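Colleague: Please see the structure below; I have some questions.
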Amino acid sequence: MGYREIKVTTHSHTQMINITGQVREIVSQSGIISGVCYIYVPHTTAGITINENVDPDVVSDIIYVTAKMVPWEDGYSHIEGNSAAHLKASLMGFSQAVFIDGGKLVLGTWQGIFLCEFDGPRQRKVLVKIIEG
Amino acid sequence: MGYREIKVTTHSHTQMINITGQVREIVSQSGIISGVCYIYVPHTTAGITINENVDPDVVSDIIYVTAKMVPWEDGYSHIEGNSAAHLKASLMGFSQAVFIDGGKLVLGTWQGIFLCEFDGPRQRKVLVKIIEG
Amino acid sequence: MGYREIKVTTHSHTQMINITGQVREIVSQSGIISGVCYIYVPHTTAGITINENVDPDVVSDIIYVTAKMVPWEDGYSHIEGNSAAHLKASLMGFSQAVFIDGGKLVLGTWQGIFLCEFDGPRQRKVLVKIIEG
């Protein structure tokens with residue numbers, strides 16, 4: 001029932017921030033032993049993905065190639081000029097679903113959960129909800 | 001239990017259609033107060049994403065850049081010639097999961113839910129299911 | 001409650017493997033009539049997507065264009081040299097959610113569920129969990 005909110009302050013224009021610790025904490029506090037944990041961003045220029053949690057070069061490489069795939073300047077019509085951020089958010093996705101088993105998130109050894117900021121710096125929110133089952 | 005179906009007629013080859021109103025209506029009719037609402041396309045050349053619901057230039061920019069990222073003609077092998085549409089659908093995704101709280105969809109201020117047509121015009125279906133919790 | 005595991009041996013560097021049959025089998029064995037089935041990869045260089053299950057040219061075209069969008073060599077910093085695989089996994093996604101109705105997966109006529117190997121060959125795992133509802 002209900003959901004929890006994580007507040008994240010981003011510090012640069014494009015940035016991937018590991019929020020796995022905060023999500024684990026919410027799962028732990030819920031006391032739920034088995035279910036699915038949803039991590040959702042209620043924004044349109046930020047996304048949520050899963051990726052490697054060890055070498056920070058992985059996320060910086062992801063940011064680098066994504067910027068080449070979706071150039072910031074490209075004769076867009078949208079007056080705010082941040083259409084690239086909108087598309088990158090759709091490509092990464094607005095939510096991830098991770099299993100809970102034995103009271104813990106079932107992540108692979110190298111997996112972390114990342115908020116993807118594509119038009120920062122800003123104050124962002126991440127919503128976390130658990131369905132038991 | 002069960003799921004509902006939304007029928008959508010698309011009118012051009014590539015188009016993003018805001019279906020938030022129809023999804024809200026299904027949530028409202030369900031009477032469910034708290035849960036997760038899944039929006040799913042049972043197609044392989046159409047996807048579902050979330051993005052800005054105000055300025056229509058955002059979705060037209062997304063369509064424009066996506067067409068550059070995944071060119072329609074590129075020496076593909078698939079005989080129907082619509083491989084670009086298949087990849088774009090995978091990039092956007094086949095489903096979105098949105099929380100329900102207080103009997104309403106928990107969308108961010110600027111978020112709308114869009115059917116992404118990549119090989120229209122066609123008749124499309126969107127399936128909506130709610131899990132209570 | 002709990003989840004099931006599918007083991008998949010991939011045979012090339014980049015490959016999309018249809019795992020629909022194994023997922024259907026798990027759904028059938030669960031005895032669950034109505035719900036949502038989650039298919040999740042606990043890896044960071046492999047993803048899960050849905051796409052056409054008939055003409056194998058579709059997935060080979062997807063692999064071909066994705067390789068052009070995200071080149072394998074591009075001056076990446078990550079020392080393992082597989083940053084392209086990490087991004088491709090994020091683009092496809094780490095999970096899919098498919099409805100269960102009447103005891104069966106609700107897939108479109110042409111839809112199959114694919115493990116996307118982007119840095120093989122390897123032994124991979126796919127986790128499958130069902131929430132009733």
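If you're wondering about the labels, chains in the structure tokens are A, B, ... by order shown, residues count from 1 in each chain, ligands from 1 in order shown.
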Using only C-alpha atoms, which protein or nucleic acid residues come within 9 Å of Gln15 of chain A? Drop anything in the same chain fewer than 2 positions from it, and give the result as a CSV table (one decimal) with C-alpha atoms, in the first residue's frame.
Modeller:
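Written output follows (part-v2.csv):
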```csv
chain,number,residue,atom,x,y,z
A,10,THR,CA,21.8,16.1,-9.3
A,11,HIS,CA,24.9,18.2,-9.8
A,12,SER,CA,25.6,18.2,-13.5
A,13,HIS,CA,23.7,18.4,-16.8
A,17,ILE,CA,23.5,8.5,-9.9
A,59,VAL,CA,28.3,5.0,-16.7
A,60,SER,CA,30.5,7.8,-18.0
A,63,ILE,CA,26.6,9.1,-21.1
A,115,LEU,CA,18.7,7.7,-11.7
A,116,CYS,CA,19.7,9.1,-15.2
A,117,GLU,CA,19.7,12.9,-15.2
A,118,PHE,CA,19.6,14.3,-18.7
A,119,ASP,CA,18.7,17.9,-18.1
A,120,GLY,CA,20.2,18.9,-14.8
A,121,PRO,CA,21.3,20.0,-12.4
```
Colleague: All Cα atoms, paired in order, least squares: that's the fit I need for chain B onto chain C, output as a JSON list (two decimals) with C-alpha atoms, in the first residue's frame.
Modeller:
```json
[["chain", "number", "residue", "atom", "x", "y", "z"],
["B", 1, "MET", "CA", 6.21, -16.45, -3.87],
["B", 2, "GLY", "CA", 9.79, -16.96, -4.94],
["B", 3, "TYR", "CA", 11.05, -17.05, -8.50],
["B", 4, "ARG", "CA", 12.35, -19.50, -11.07],
["B", 5, "GLU", "CA", 15.58, -19.49, -13.02],
["B", 6, "ILE", "CA", 16.23, -20.29, -16.68],
["B", 7, "LYS", "CA", 19.81, -21.03, -17.70],
["B", 8, "VAL", "CA", 20.80, -19.93, -21.20],
["B", 9, "THR", "CA", 24.07, -20.68, -22.96],
["B", 10, "THR", "CA", 24.80, -18.10, -25.62],
["B", 11, "HIS", "CA", 26.94, -19.06, -28.59],
["B", 12, "SER", "CA", 28.10, -15.83, -30.19],
["B", 13, "HIS", "CA", 29.16, -12.35, -29.19],
["B", 14, "THR", "CA", 25.83, -10.73, -29.99],
["B", 15, "GLN", "CA", 22.72, -12.84, -30.20],
["B", 16, "MET", "CA", 19.00, -12.73, -29.48],
["B", 17, "ILE", "CA", 17.63, -16.00, -28.14],
["B", 18, "ASN", "CA", 13.92, -16.80, -28.04],
["B", 19, "ILE", "CA", 13.06, -17.99, -24.52],
["B", 20, "THR", "CA", 9.27, -17.84, -24.84],
["B", 21, "GLY", "CA", 8.89, -21.61, -24.55],
["B", 22, "GLN", "CA", 10.74, -21.77, -21.23],
["B", 23, "VAL", "CA", 8.73, -18.86, -19.82],
["B", 24, "ARG", "CA", 5.43, -20.47, -20.93],
["B", 25, "GLU", "CA", 6.47, -23.67, -19.20],
["B", 26, "ILE", "CA", 7.07, -21.84, -15.90],
["B", 27, "VAL", "CA", 3.70, -20.10, -16.17],
["B", 28, "SER", "CA", 2.01, -23.41, -16.86],
["B", 29, "GLN", "CA", 3.73, -25.14, -13.90],
["B", 30, "SER", "CA", 2.79, -22.29, -11.56],
["B", 31, "GLY", "CA", -0.92, -23.03, -11.96],
["B", 32, "ILE", "CA", -1.59, -19.28, -11.75],
["B", 33, "ILE", "CA", -4.60, -18.24, -13.82],
["B", 34, "SER", "CA", -4.38, -14.45, -13.73],
["B", 35, "GLY", "CA", -1.45, -12.14, -12.98],
["B", 36, "VAL", "CA", 1.71, -10.57, -14.32],
["B", 37, "CYS", "CA", 4.83, -12.52, -15.28],
["B", 38, "TYR", "CA", 8.18, -10.73, -14.92],
["B", 39, "ILE", "CA", 11.20, -11.84, -16.92],
["B", 40, "TYR", "CA", 14.42, -10.35, -15.54],
["B", 41, "VAL", "CA", 18.15, -10.62, -16.40],
["B", 42, "PRO", "CA", 20.55, -10.19, -13.46],
["B", 43, "HIS", "CA", 23.37, -9.11, -15.79],
["B", 44, "THR", "CA", 24.69, -5.77, -17.08],
["B", 45, "THR", "CA", 25.70, -6.72, -20.64],
["B", 46, "ALA", "CA", 22.57, -8.69, -21.55],
["B", 47, "GLY", "CA", 18.98, -7.47, -21.79],
["B", 48, "ILE", "CA", 15.45, -8.76, -22.30],
["B", 49, "THR", "CA", 13.11, -7.59, -25.04],
["B", 50, "ILE", "CA", 10.04, -8.68, -26.92],
["B", 51, "ASN", "CA", 9.96, -8.83, -30.71],
["B", 52, "GLU", "CA", 8.95, -10.84, -33.76],
["B", 53, "ASN", "CA", 9.08, -14.59, -33.25],
["B", 54, "VAL", "CA", 8.68, -15.70, -36.87],
["B", 55, "ASP", "CA", 11.24, -14.31, -39.32],
["B", 56, "PRO", "CA", 14.77, -14.62, -37.82],
["B", 57, "ASP", "CA", 15.83, -11.74, -40.10],
["B", 58, "VAL", "CA", 14.07, -9.34, -37.74],
["B", 59, "VAL", "CA", 16.38, -10.06, -34.84],
["B", 60, "SER", "CA", 19.44, -10.16, -37.08],
["B", 61, "ASP", "CA", 18.46, -6.72, -38.45],
["B", 62, "ILE", "CA", 18.01, -5.43, -34.89],
["B", 63, "ILE", "CA", 21.49, -6.67, -33.98],
["B", 64, "TYR", "CA", 22.91, -5.07, -37.15],
["B", 65, "VAL", "CA", 21.43, -1.59, -36.61],
["B", 66, "THR", "CA", 22.09, -1.60, -32.89],
["B", 67, "ALA", "CA", 25.78, -2.23, -33.64],
["B", 68, "LYS", "CA", 25.80, 0.86, -35.87],
["B", 69, "MET", "CA", 24.01, 3.00, -33.27],
["B", 70, "VAL", "CA", 26.40, 1.93, -30.51],
["B", 71, "PRO", "CA", 29.79, 1.15, -32.07],
["B", 72, "TRP", "CA", 31.91, -1.46, -30.27],
["B", 73, "GLU", "CA", 35.06, 0.67, -30.49],
["B", 74, "ASP", "CA", 34.67, 4.34, -29.66],
["B", 75, "GLY", "CA", 37.44, 5.46, -27.36],
["B", 76, "TYR", "CA", 35.62, 4.20, -24.24],
["B", 77, "SER", "CA", 37.27, 4.51, -20.82],
["B", 78, "HIS", "CA", 35.96, 1.28, -19.23],
["B", 79, "ILE", "CA", 38.94, -1.04, -19.11],
["B", 80, "GLU", "CA", 37.02, -4.21, -20.02],
["B", 81, "GLY", "CA", 36.24, -2.62, -23.40],
["B", 82, "ASN", "CA", 32.59, -3.73, -23.41],
["B", 83, "SER", "CA", 30.85, -0.42, -22.73],
["B", 84, "ALA", "CA", 28.80, -0.80, -25.92],
["B", 85, "ALA", "CA", 27.29, -3.99, -24.45],
["B", 86, "HIS", "CA", 26.42, -2.16, -21.21],
["B", 87, "LEU", "CA", 24.57, 0.59, -23.09],
["B", 88, "LYS", "CA", 22.75, -1.84, -25.42],
["B", 89, "ALA", "CA", 21.50, -3.75, -22.36],
["B", 90, "SER", "CA", 20.10, -0.53, -20.87],
["B", 91, "LEU", "CA", 18.43, 0.34, -24.19],
["B", 92, "MET", "CA", 16.67, -3.04, -24.44],
["B", 93, "GLY", "CA", 15.90, -3.15, -20.74],
["B", 94, "PHE", "CA", 16.52, -5.62, -17.94],
["B", 95, "SER", "CA", 12.98, -6.89, -17.60],
["B", 96, "GLN", "CA", 9.69, -7.35, -19.39],
["B", 97, "ALA", "CA", 6.26, -7.73, -17.81],
["B", 98, "VAL", "CA", 3.71, -9.89, -19.63],
["B", 99, "PHE", "CA", 0.12, -10.49, -18.48],
["B", 100, "ILE", "CA", -1.20, -13.94, -17.59],
["B", 101, "ASP", "CA", -4.84, -14.64, -18.34],
["B", 102, "GLY", "CA", -6.66, -17.97, -18.41],
["B", 103, "GLY", "CA", -3.41, -19.56, -17.18],
["B", 104, "LYS", "CA", -1.47, -18.43, -20.27],
["B", 105, "LEU", "CA", 0.90, -15.62, -21.25],
["B", 106, "VAL", "CA", -0.94, -12.87, -23.13],
["B", 107, "LEU", "CA", 1.49, -12.29, -26.01],
["B", 108, "GLY", "CA", 0.54, -10.77, -29.36],
["B", 109, "THR", "CA", 0.47, -13.15, -32.34],
["B", 110, "TRP", "CA", 3.97, -12.20, -33.49],
["B", 111, "GLN", "CA", 5.51, -11.56, -30.09],
["B", 112, "GLY", "CA", 8.27, -13.67, -28.56],
["B", 113, "ILE", "CA", 10.44, -12.99, -25.50],
["B", 114, "PHE", "CA", 14.18, -12.72, -26.25],
["B", 115, "LEU", "CA", 17.32, -12.77, -24.15],
["B", 116, "CYS", "CA", 19.68, -10.25, -25.79],
["B", 117, "GLU", "CA", 23.32, -11.28, -25.44],
["B", 118, "PHE", "CA", 25.64, -8.35, -26.11],
["B", 119, "ASP", "CA", 28.95, -9.68, -24.79],
["B", 120, "GLY", "CA", 28.99, -13.43, -25.26],
["B", 121, "PRO", "CA", 29.36, -16.23, -25.56],
["B", 122, "ARG", "CA", 28.54, -16.82, -21.90],
["B", 123, "GLN", "CA", 26.35, -18.65, -19.45],
["B", 124, "ARG", "CA", 23.40, -16.39, -18.63],
["B", 125, "LYS", "CA", 20.53, -16.56, -16.19],
["B", 126, "VAL", "CA", 16.99, -15.30, -16.62],
["B", 127, "LEU", "CA", 14.76, -14.96, -13.54],
["B", 128, "VAL", "CA", 10.99, -15.41, -13.82],
["B", 129, "LYS", "CA", 8.51, -14.36, -11.16],
["B", 130, "ILE", "CA", 4.73, -14.26, -11.20],
["B", 131, "ILE", "CA", 2.49, -11.94, -9.21],
["B", 132, "GLU", "CA", -1.09, -13.16, -8.99],
["B", 133, "GLY", "CA", -3.92, -10.68, -9.45]]
```
Colleague: So that I can check the secondary structure, give me every residue of chain C assigned strand (DSSP E or B) by backbone DSSP, as number ranges by chain.
Modeller: C: 4-9, 15-18, 35-40, 46-52, 95-101, 104-105, 111-117, 123-132
